$ cat my_file_14.pdb   # PDB, C-alpha atoms, pLDDT in the B column
ATOM      1  CA  MET A1176      -3.062 -32.637  13.979  1.00 57.00           C
ATOM      2  CA  ALA A1177      -0.495 -30.183  15.320  1.00 62.00           C
ATOM      3  CA  THR A1178       2.025 -33.014  15.800  1.00 71.00           C
ATOM      4  CA  SER A1179       1.621 -34.200  12.205  1.00 77.00           C
ATOM      5  CA  ASN A1180       2.093 -30.628  10.956  1.00 80.00           C
ATOM      6  CA  ARG A1181       5.268 -30.300  13.023  1.00 79.00           C
ATOM      7  CA  LEU A1182       6.579 -33.621  11.716  1.00 80.00           C
ATOM      8  CA  LEU A1183       5.786 -32.619   8.153  1.00 79.00           C
ATOM      9  CA  ARG A1184       7.531 -29.254   8.598  1.00 80.00           C
ATOM     10  CA  TYR A1185      10.578 -30.996  10.091  1.00 79.00           C
ATOM     11  CA  ALA A1186      10.625 -33.571   7.292  1.00 78.00           C
ATOM     12  CA  GLU A1187      10.857 -30.723   4.766  1.00 80.00           C
ATOM     13  CA  SER A1188      13.313 -28.640   6.811  1.00 83.00           C
ATOM     14  CA  ARG A1189      16.895 -27.886   5.898  1.00 84.00           C
ATOM     15  CA  LYS A1190      18.113 -29.593   9.060  1.00 84.00           C
ATOM     16  CA  ASN A1191      16.447 -32.895   8.165  1.00 82.00           C
ATOM     17  CA  LEU A1192      17.512 -32.763   4.515  1.00 83.00           C
ATOM     18  CA  THR A1193      21.132 -31.988   5.448  1.00 87.00           C
ATOM     19  CA  GLY A1194      21.068 -34.725   8.091  1.00 86.00           C
ATOM     20  CA  CYS A1195      19.682 -37.220   5.546  1.00 84.00           C
ATOM     21  CA  ALA A1196      22.423 -36.309   3.075  1.00 88.00           C
ATOM     22  CA  ALA A1197      25.070 -36.843   5.767  1.00 87.00           C
ATOM     23  CA  GLY A1198      23.377 -40.111   6.794  1.00 85.00           C
ATOM     24  CA  LEU A1199      23.554 -41.281   3.171  1.00 85.00           C
ATOM     25  CA  ALA A1200      27.259 -40.489   3.209  1.00 86.00           C
ATOM     26  CA  GLY A1201      27.472 -42.737   6.311  1.00 83.00           C
ATOM     27  CA  LEU A1202      25.701 -45.526   4.384  1.00 83.00           C
ATOM     28  CA  ALA A1203      28.204 -45.080   1.561  1.00 84.00           C
ATOM     29  CA  LEU A1204      31.017 -45.461   4.096  1.00 80.00           C
ATOM     30  CA  THR A1205      29.316 -48.610   5.374  1.00 81.00           C
ATOM     31  CA  LEU A1206      29.103 -50.096   1.871  1.00 83.00           C
ATOM     32  CA  THR A1207      32.806 -49.470   1.332  1.00 84.00           C
ATOM     33  CA  GLY A1208      33.527 -51.177   4.636  1.00 80.00           C
ATOM     34  CA  ALA A1209      35.071 -48.105   6.285  1.00 78.00           C
ATOM     35  CA  ALA A1210      32.456 -47.993   9.086  1.00 72.00           C
ATOM     36  CA  GLY A1211      32.887 -51.582  10.176  1.00 77.00           C
ATOM     37  CA  SER A1212      30.580 -53.109  12.735  1.00 81.00           C
ATOM     38  CA  LEU A1213      29.690 -49.692  14.209  1.00 80.00           C
ATOM     39  CA  TRP A1214      27.955 -48.604  11.019  1.00 81.00           C
ATOM     40  CA  PRO A1215      24.622 -47.757  12.756  1.00 84.00           C
ATOM     41  CA  LEU A1216      26.439 -45.304  15.040  1.00 84.00           C
ATOM     42  CA  VAL A1217      28.288 -43.778  12.064  1.00 82.00           C
ATOM     43  CA  VAL A1218      25.038 -43.242  10.111  1.00 84.00           C
ATOM     44  CA  VAL A1219      23.196 -41.792  13.124  1.00 86.00           C
ATOM     45  CA  GLY A1220      26.195 -39.655  14.089  1.00 86.00           C
ATOM     46  CA  LEU A1221      26.580 -38.253  10.595  1.00 83.00           C
ATOM     47  CA  TYR A1222      22.831 -37.564  10.426  1.00 86.00           C
ATOM     48  CA  GLY A1223      23.016 -35.697  13.765  1.00 86.00           C
ATOM     49  CA  ALA A1224      26.106 -33.749  12.691  1.00 85.00           C
ATOM     50  CA  GLY A1225      24.432 -32.770   9.416  1.00 84.00           C
ATOM     51  CA  ALA A1226      21.282 -31.676  11.226  1.00 85.00           C
ATOM     52  CA  LEU A1227      23.337 -29.577  13.653  1.00 85.00           C
ATOM     53  CA  ILE A1228      25.422 -27.767  11.024  1.00 85.00           C
ATOM     54  CA  ALA A1229      22.494 -27.020   8.694  1.00 83.00           C
ATOM     55  CA  PRO A1230      21.420 -23.374   8.549  1.00 81.00           C
ATOM     56  CA  PRO A1231      18.235 -22.569  10.452  1.00 79.00           C
ATOM     57  CA  GLU A1232      14.929 -22.131   8.679  1.00 78.00           C
ATOM     58  CA  ARG A1233      14.091 -18.616   7.638  1.00 78.00           C
ATOM     59  CA  PRO A1234      10.478 -17.549   7.542  1.00 76.00           C
ATOM     60  CA  ASP A1235       9.227 -16.224   4.234  1.00 77.00           C
ATOM     61  CA  THR A1236       9.293 -12.478   3.927  1.00 82.00           C
ATOM     62  CA  PRO A1237       5.828 -10.991   4.158  1.00 84.00           C
ATOM     63  CA  HIS A1238       4.166  -9.744   0.990  1.00 83.00           C
ATOM     64  CA  PHE A1239       3.084  -6.136   1.106  1.00 79.00           C
ATOM     65  CA  PRO A1240       0.968  -4.667  -1.649  1.00 79.00           C
ATOM     66  CA  SER A1241       2.916  -2.827  -4.317  1.00 79.00           C
ATOM     67  CA  ALA A1242       2.167   0.755  -5.281  1.00 76.00           C
ATOM     68  CA  ASP A1243       0.060  -0.487  -8.208  1.00 78.00           C
ATOM     69  CA  GLU A1244      -1.992  -2.766  -5.949  1.00 83.00           C
ATOM     70  CA  GLN A1245      -2.477   0.056  -3.458  1.00 85.00           C
ATOM     71  CA  LEU A1246      -3.507   2.370  -6.278  1.00 87.00           C
ATOM     72  CA  ASP A1247      -6.054  -0.147  -7.582  1.00 89.00           C
ATOM     73  CA  ALA A1248      -7.632  -0.420  -4.127  1.00 90.00           C
ATOM     74  CA  LEU A1249      -7.610   3.364  -3.786  1.00 91.00           C
ATOM     75  CA  ARG A1250      -9.330   3.753  -7.169  1.00 92.00           C
ATOM     76  CA  ALA A1251     -12.063   1.367  -6.033  1.00 93.00           C
ATOM     77  CA  ASP A1252     -12.520   3.386  -2.835  1.00 94.00           C
ATOM     78  CA  PHE A1253     -12.596   6.603  -4.876  1.00 93.00           C
ATOM     79  CA  THR A1254     -15.418   5.175  -6.980  1.00 93.00           C
ATOM     80  CA  LYS A1255     -17.373   4.423  -3.778  1.00 95.00           C
ATOM     81  CA  LEU A1256     -16.699   7.957  -2.539  1.00 92.00           C
ATOM     82  CA  ARG A1257     -17.978   9.438  -5.789  1.00 93.00           C
ATOM     83  CA  GLY A1258     -21.200   7.460  -5.422  1.00 93.00           C
ATOM     84  CA  TYR A1259     -21.651   8.883  -1.925  1.00 92.00           C
ATOM     85  CA  LEU A1260     -20.856  12.442  -3.011  1.00 91.00           C
ATOM     86  CA  SER A1261     -23.327  12.307  -5.883  1.00 90.00           C
ATOM     87  CA  GLU A1262     -26.160  11.670  -3.401  1.00 91.00           C
ATOM     88  CA  VAL A1263     -25.239  14.479  -0.986  1.00 89.00           C
ATOM     89  CA  GLU A1264     -27.029  17.794  -1.315  1.00 87.00           C
ATOM     90  CA  LEU A1265     -24.501  20.662  -1.356  1.00 86.00           C
ATOM     91  CA  PRO A1266     -24.656  24.384  -2.147  1.00 86.00           C
ATOM     92  CA  SER A1267     -23.543  25.202  -5.697  1.00 87.00           C
ATOM     93  CA  ALA A1268     -20.329  27.016  -4.666  1.00 87.00           C
ATOM     94  CA  THR A1269     -19.314  24.112  -2.448  1.00 88.00           C
ATOM     95  CA  ARG A1270     -20.235  21.620  -5.179  1.00 90.00           C
ATOM     96  CA  GLU A1271     -17.930  23.475  -7.608  1.00 92.00           C
ATOM     97  CA  ARG A1272     -15.036  23.335  -5.128  1.00 92.00           C
ATOM     98  CA  LEU A1273     -15.696  19.633  -4.522  1.00 91.00           C
ATOM     99  CA  THR A1274     -15.840  18.973  -8.271  1.00 92.00           C
ATOM    100  CA  ALA A1275     -12.459  20.682  -8.748  1.00 93.00           C
ATOM    101  CA  LEU A1276     -10.961  18.529  -5.993  1.00 92.00           C
ATOM    102  CA  ASP A1277     -12.616  15.419  -7.432  1.00 92.00           C
ATOM    103  CA  THR A1278     -11.189  16.128 -10.898  1.00 92.00           C
ATOM    104  CA  LEU A1279      -7.690  16.658  -9.530  1.00 93.00           C
ATOM    105  CA  VAL A1280      -7.762  13.486  -7.411  1.00 92.00           C
ATOM    106  CA  GLU A1281      -9.108  11.506 -10.381  1.00 92.00           C
ATOM    107  CA  ALA A1282      -6.207  12.723 -12.539  1.00 91.00           C
ATOM    108  CA  LEU A1283      -3.668  11.814  -9.857  1.00 91.00           C
ATOM    109  CA  LEU A1284      -5.135   8.316  -9.515  1.00 90.00           C
ATOM    110  CA  GLU A1285      -4.617   7.565 -13.196  1.00 89.00           C
ATOM    111  CA  PRO A1286      -2.151   4.697 -13.750  1.00 85.00           C
ATOM    112  CA  GLY A1287       1.495   5.643 -14.022  1.00 82.00           C
ATOM    113  CA  TRP A1288       1.491   8.882 -12.056  1.00 84.00           C
ATOM    114  CA  VAL A1289       1.616   8.413  -8.312  1.00 85.00           C
ATOM    115  CA  SER A1290       4.060   5.821  -7.000  1.00 82.00           C
ATOM    116  CA  ASP A1291       5.672   7.667  -4.081  1.00 85.00           C
ATOM    117  CA  PRO A1292       4.444   6.158  -0.779  1.00 86.00           C
ATOM    118  CA  GLU A1293       4.014   9.608   0.782  1.00 91.00           C
ATOM    119  CA  HIS A1294       1.851  10.787  -2.103  1.00 90.00           C
ATOM    120  CA  LEU A1295      -0.167   7.577  -1.956  1.00 90.00           C
ATOM    121  CA  HIS A1296      -0.685   8.102   1.764  1.00 91.00           C
ATOM    122  CA  VAL A1297      -1.924  11.679   1.277  1.00 93.00           C
ATOM    123  CA  LEU A1298      -4.335  10.613  -1.477  1.00 93.00           C
ATOM    124  CA  ALA A1299      -5.565   7.601   0.495  1.00 93.00           C
ATOM    125  CA  ARG A1300      -6.153   9.750   3.561  1.00 94.00           C
ATOM    126  CA  ALA A1301      -8.062  12.295   1.465  1.00 94.00           C
ATOM    127  CA  VAL A1302     -10.228   9.683  -0.272  1.00 93.00           C
ATOM    128  CA  ARG A1303     -10.845   7.366   2.662  1.00 93.00           C
ATOM    129  CA  LEU A1304     -11.021   9.828   5.540  1.00 93.00           C
ATOM    130  CA  ASP A1305     -10.815  13.571   4.937  1.00 94.00           C
ATOM    131  CA  ILE A1306     -13.335  14.123   2.116  1.00 93.00           C
ATOM    132  CA  PRO A1307     -16.051  11.794   3.461  1.00 94.00           C
ATOM    133  CA  GLU A1308     -15.579  13.155   6.994  1.00 93.00           C
ATOM    134  CA  ALA A1309     -15.758  16.783   5.826  1.00 92.00           C
ATOM    135  CA  VAL A1310     -18.917  16.221   3.796  1.00 91.00           C
ATOM    136  CA  ASP A1311     -20.603  14.070   6.438  1.00 91.00           C
ATOM    137  CA  THR A1312     -19.844  16.599   9.170  1.00 89.00           C
ATOM    138  CA  PHE A1313     -21.257  19.357   6.948  1.00 88.00           C
ATOM    139  CA  VAL A1314     -24.459  17.419   6.348  1.00 85.00           C
ATOM    140  CA  ARG A1315     -24.934  16.731  10.050  1.00 85.00           C
ATOM    141  CA  THR A1316     -24.006  20.256  11.166  1.00 82.00           C
ATOM    142  CA  ARG A1317     -26.196  21.814   8.512  1.00 72.00           C
ATOM    143  CA  TRP A1318     -29.203  20.077   9.980  1.00 66.00           C
ATOM    144  CA  TRP A1319     -28.446  21.364  13.487  1.00 65.00           C
ATOM    145  CA  SER A1320     -27.602  24.872  12.310  1.00 65.00           C
ATOM    146  CA  ARG A1321     -31.257  25.360  11.348  1.00 57.00           C
ATOM    147  CA  PHE A1322     -32.039  25.451  15.051  1.00 60.00           C
ATOM    148  CA  THR A1323     -29.064  27.600  16.104  1.00 62.00           C
ATOM    149  CA  SER A1324     -28.929  31.224  15.073  1.00 67.00           C
ATOM    150  CA  GLY A1325     -25.739  33.264  14.955  1.00 63.00           C
ATOM    151  CA  ALA A1326     -23.412  30.284  14.473  1.00 65.00           C
ATOM    152  CA  GLU A1327     -20.830  30.229  11.690  1.00 69.00           C
ATOM    153  CA  ALA A1328     -22.257  28.724   8.512  1.00 73.00           C
ATOM    154  CA  PRO A1329     -21.247  25.088   8.036  1.00 76.00           C
ATOM    155  CA  GLU A1330     -20.635  25.830   4.337  1.00 82.00           C
ATOM    156  CA  SER A1331     -17.656  28.022   5.228  1.00 83.00           C
ATOM    157  CA  HIS A1332     -16.003  25.218   7.197  1.00 85.00           C
ATOM    158  CA  LEU A1333     -16.573  22.734   4.393  1.00 88.00           C
ATOM    159  CA  GLU A1334     -15.195  25.144   1.806  1.00 91.00           C
ATOM    160  CA  ARG A1335     -12.093  25.769   3.935  1.00 91.00           C
ATOM    161  CA  GLN A1336     -11.561  22.021   4.378  1.00 92.00           C
ATOM    162  CA  LEU A1337     -11.981  21.378   0.656  1.00 92.00           C
ATOM    163  CA  ALA A1338      -9.569  24.232  -0.127  1.00 93.00           C
ATOM    164  CA  ALA A1339      -6.926  22.715   2.185  1.00 94.00           C
ATOM    165  CA  LEU A1340      -7.408  19.271   0.604  1.00 94.00           C
ATOM    166  CA  HIS A1341      -7.149  20.830  -2.863  1.00 94.00           C
ATOM    167  CA  GLU A1342      -3.852  22.454  -1.824  1.00 95.00           C
ATOM    168  CA  GLU A1343      -2.482  19.060  -0.720  1.00 94.00           C
ATOM    169  CA  ALA A1344      -3.494  17.447  -4.017  1.00 93.00           C
ATOM    170  CA  THR A1345      -2.073  20.400  -5.974  1.00 93.00           C
ATOM    171  CA  ALA A1346       1.245  19.987  -4.143  1.00 93.00           C
ATOM    172  CA  ILE A1347       1.370  16.362  -5.297  1.00 91.00           C
ATOM    173  CA  ALA A1348       0.561  17.393  -8.878  1.00 91.00           C
ATOM    174  CA  THR A1349       3.288  20.059  -8.754  1.00 92.00           C
ATOM    175  CA  ALA A1350       5.836  17.554  -7.448  1.00 90.00           C
ATOM    176  CA  LEU A1351       4.928  15.135 -10.244  1.00 87.00           C
ATOM    177  CA  GLN A1352       5.180  17.892 -12.823  1.00 89.00           C
ATOM    178  CA  GLU A1353       8.616  18.911 -11.543  1.00 90.00           C
ATOM    179  CA  ALA A1354       9.797  15.291 -11.566  1.00 86.00           C
ATOM    180  CA  GLU A1355       8.647  14.872 -15.175  1.00 87.00           C
ATOM    181  CA  ALA A1356      10.377  18.127 -16.195  1.00 88.00           C
ATOM    182  CA  ILE A1357      13.634  16.920 -14.611  1.00 88.00           C
ATOM    183  CA  ARG A1358      13.249  13.538 -16.292  1.00 87.00           C
ATOM    184  CA  GLN A1359      12.716  15.225 -19.656  1.00 89.00           C
ATOM    185  CA  GLN A1360      15.741  17.474 -19.157  1.00 90.00           C
ATOM    186  CA  ILE A1361      17.947  14.520 -18.219  1.00 89.00           C
ATOM    187  CA  HIS A1362      16.797  12.577 -21.259  1.00 88.00           C
ATOM    188  CA  THR A1363      17.440  15.570 -23.514  1.00 87.00           C
ATOM    189  CA  GLU A1364      20.969  15.890 -22.157  1.00 87.00           C
ATOM    190  CA  TYR A1365      21.495  12.149 -22.628  1.00 87.00           C
ATOM    191  CA  VAL A1366      20.300  12.193 -26.242  1.00 86.00           C
ATOM    192  CA  GLU A1367      22.340  15.286 -27.064  1.00 85.00           C
ATOM    193  CA  GLY A1368      25.399  13.824 -25.345  1.00 84.00           C
ATOM    194  CA  ARG A1369      25.205  10.659 -27.432  1.00 81.00           C
ATOM    195  CA  GLY A1370      25.746  12.610 -30.624  1.00 70.00           C
ATOM    196  CA  ASN A1371      29.158  13.886 -29.514  1.00 66.00           C
TER     197      ASN A1371
END

$ encode --input "my_file_14.pdb" --output "structure tokens"
Amino acid sequence: MATSNRLLRYAESRKNLTGCAAGLAGLALTLTGAAGSLWPLVVVGLYGAGALIAPPERPDTPHFPSADEQLDALRADFTKLRGYLSEVELPSATRERLTALDTLVEALLEPGWVSDPEHLHVLARAVRLDIPEAVDTFVRTRWWSRFTSGAEAPESHLERQLAALHEEATAIATALQEAEAIRQQIHTEYVEGRGN
């Protein structure tokens, strides 16, 4: 099976196709009588020369998902995260902070906003790792804190984590807002400059 695949790949390769074209040129020389009685050597020699001078095969470049494809996958993961978060029992103040973060992330994941790979990375890390880890750790720690007196409340850690994540998402929103303001200014200057 492997041999037949190799033969098939070689049959379709540039080296073989170039060699065949040169071999056909050798047959044309034979038909005109220029090759004489050594025509088999001329055909084989031209085939070999063509195969040797042909450019090597290049592997296809790998396909990496575009920003839109990454965003679609991230939206699907965000939907899963929302399902998980809706089932978790949280204090009302923490729930409000989580809802604010959720709303901001949802707005950033709308089509047409985030395309910068760094911003996508920050959002993906927040959705796939940071938010679920923060909430899960809170839920687990909260259970143990019932048995431990004097320890810092797990709610304060979760609120601090959610505040830091909200700051990261706000920084992305600010960068997008600044980029849109610059884009609008440039377009205004362009339109005004056309009139002159």

$ closest_residue --input "my_file_14.pdb" --among "A:Leu1221, A:Asp1252, A:Ser1188, A:Gly1287" --to "A:Arg1300" --atoms "all atoms listed in the file"
A:Asp1252

$ residues_around --input "my_file_14.pdb" --residues "A:Leu1333" --least-positions-apart "2" --cutoff "9 Å" --atoms "all atoms listed in the file" --output "list in words"
Thr1269, Ala1309, Val1310, Thr1312, Phe1313, Pro1329, Glu1330, Ser1331, Arg1335, Gln1336, Leu1337 and Ala1338 of chain A

$ atom_distance --input "my_file_14.pdb" --atom1 "atom CA of A:Pro1240" --atom2 "atom CA of A:Asp1291"
13.4 Å

$ atom_distance --input "my_file_14.pdb" --atom1 "atom CA of A:Glu1334" --atom2 "atom CA of A:Ala1346"
18.2 Å

$ closest_atom_pairs --input "my_file_14.pdb" --of "stretch 1222-1337 of chain A" --to "stretch 1191-1203 of chain A" --cutoff "8 Å" --atoms "only C-alpha atoms" --output "CSV"
residue,atom,partner,partner_atom,distance
A:Tyr1222,CA,A:Gly1194,CA,4.1
A:Gly1223,CA,A:Gly1194,CA,6.1
A:Ala1224,CA,A:Gly1194,CA,6.9
A:Gly1225,CA,A:Gly1194,CA,4.1
A:Ala1226,CA,A:Gly1194,CA,4.4
A:Leu1227,CA,A:Gly1194,CA,7.9
A:Ala1229,CA,A:Thr1193,CA,6.1

$ decode --input "my_file_14.pdb" --residues "stretch 1342-1362 of chain A" --atoms "C-alpha atoms" --output "PDB file, in the first residue's frame"
ATOM      1  CA  GLU A1342     -10.060  45.356  33.570  1.00  0.00           C
ATOM      2  CA  GLU A1343      -8.496  43.205  30.824  1.00  0.00           C
ATOM      3  CA  ALA A1344     -11.752  43.152  28.850  1.00  0.00           C
ATOM      4  CA  THR A1345     -12.209  46.905  29.376  1.00  0.00           C
ATOM      5  CA  ALA A1346      -8.704  47.502  28.002  1.00  0.00           C
ATOM      6  CA  ILE A1347      -9.681  45.623  24.840  1.00  0.00           C
ATOM      7  CA  ALA A1348     -12.900  47.644  24.540  1.00  0.00           C
ATOM      8  CA  THR A1349     -10.939  50.884  25.003  1.00  0.00           C
ATOM      9  CA  ALA A1350      -8.428  49.879  22.328  1.00  0.00           C
ATOM     10  CA  LEU A1351     -11.269  49.080  19.924  1.00  0.00           C
ATOM     11  CA  GLN A1352     -12.960  52.375  20.698  1.00  0.00           C
ATOM     12  CA  GLU A1353      -9.735  54.293  20.061  1.00  0.00           C
ATOM     13  CA  ALA A1354      -9.170  52.432  16.788  1.00  0.00           C
ATOM     14  CA  GLU A1355     -12.696  53.282  15.620  1.00  0.00           C
ATOM     15  CA  ALA A1356     -12.223  56.953  16.583  1.00  0.00           C
ATOM     16  CA  ILE A1357      -8.984  57.089  14.567  1.00  0.00           C
ATOM     17  CA  ARG A1358     -10.680  55.361  11.644  1.00  0.00           C
ATOM     18  CA  GLN A1359     -13.526  57.878  11.754  1.00  0.00           C
ATOM     19  CA  GLN A1360     -11.106  60.808  11.907  1.00  0.00           C
ATOM     20  CA  ILE A1361      -9.115  59.487   8.945  1.00  0.00           C
ATOM     21  CA  HIS A1362     -12.277  59.007   6.917  1.00  0.00           C
TER      22      HIS A1362
END
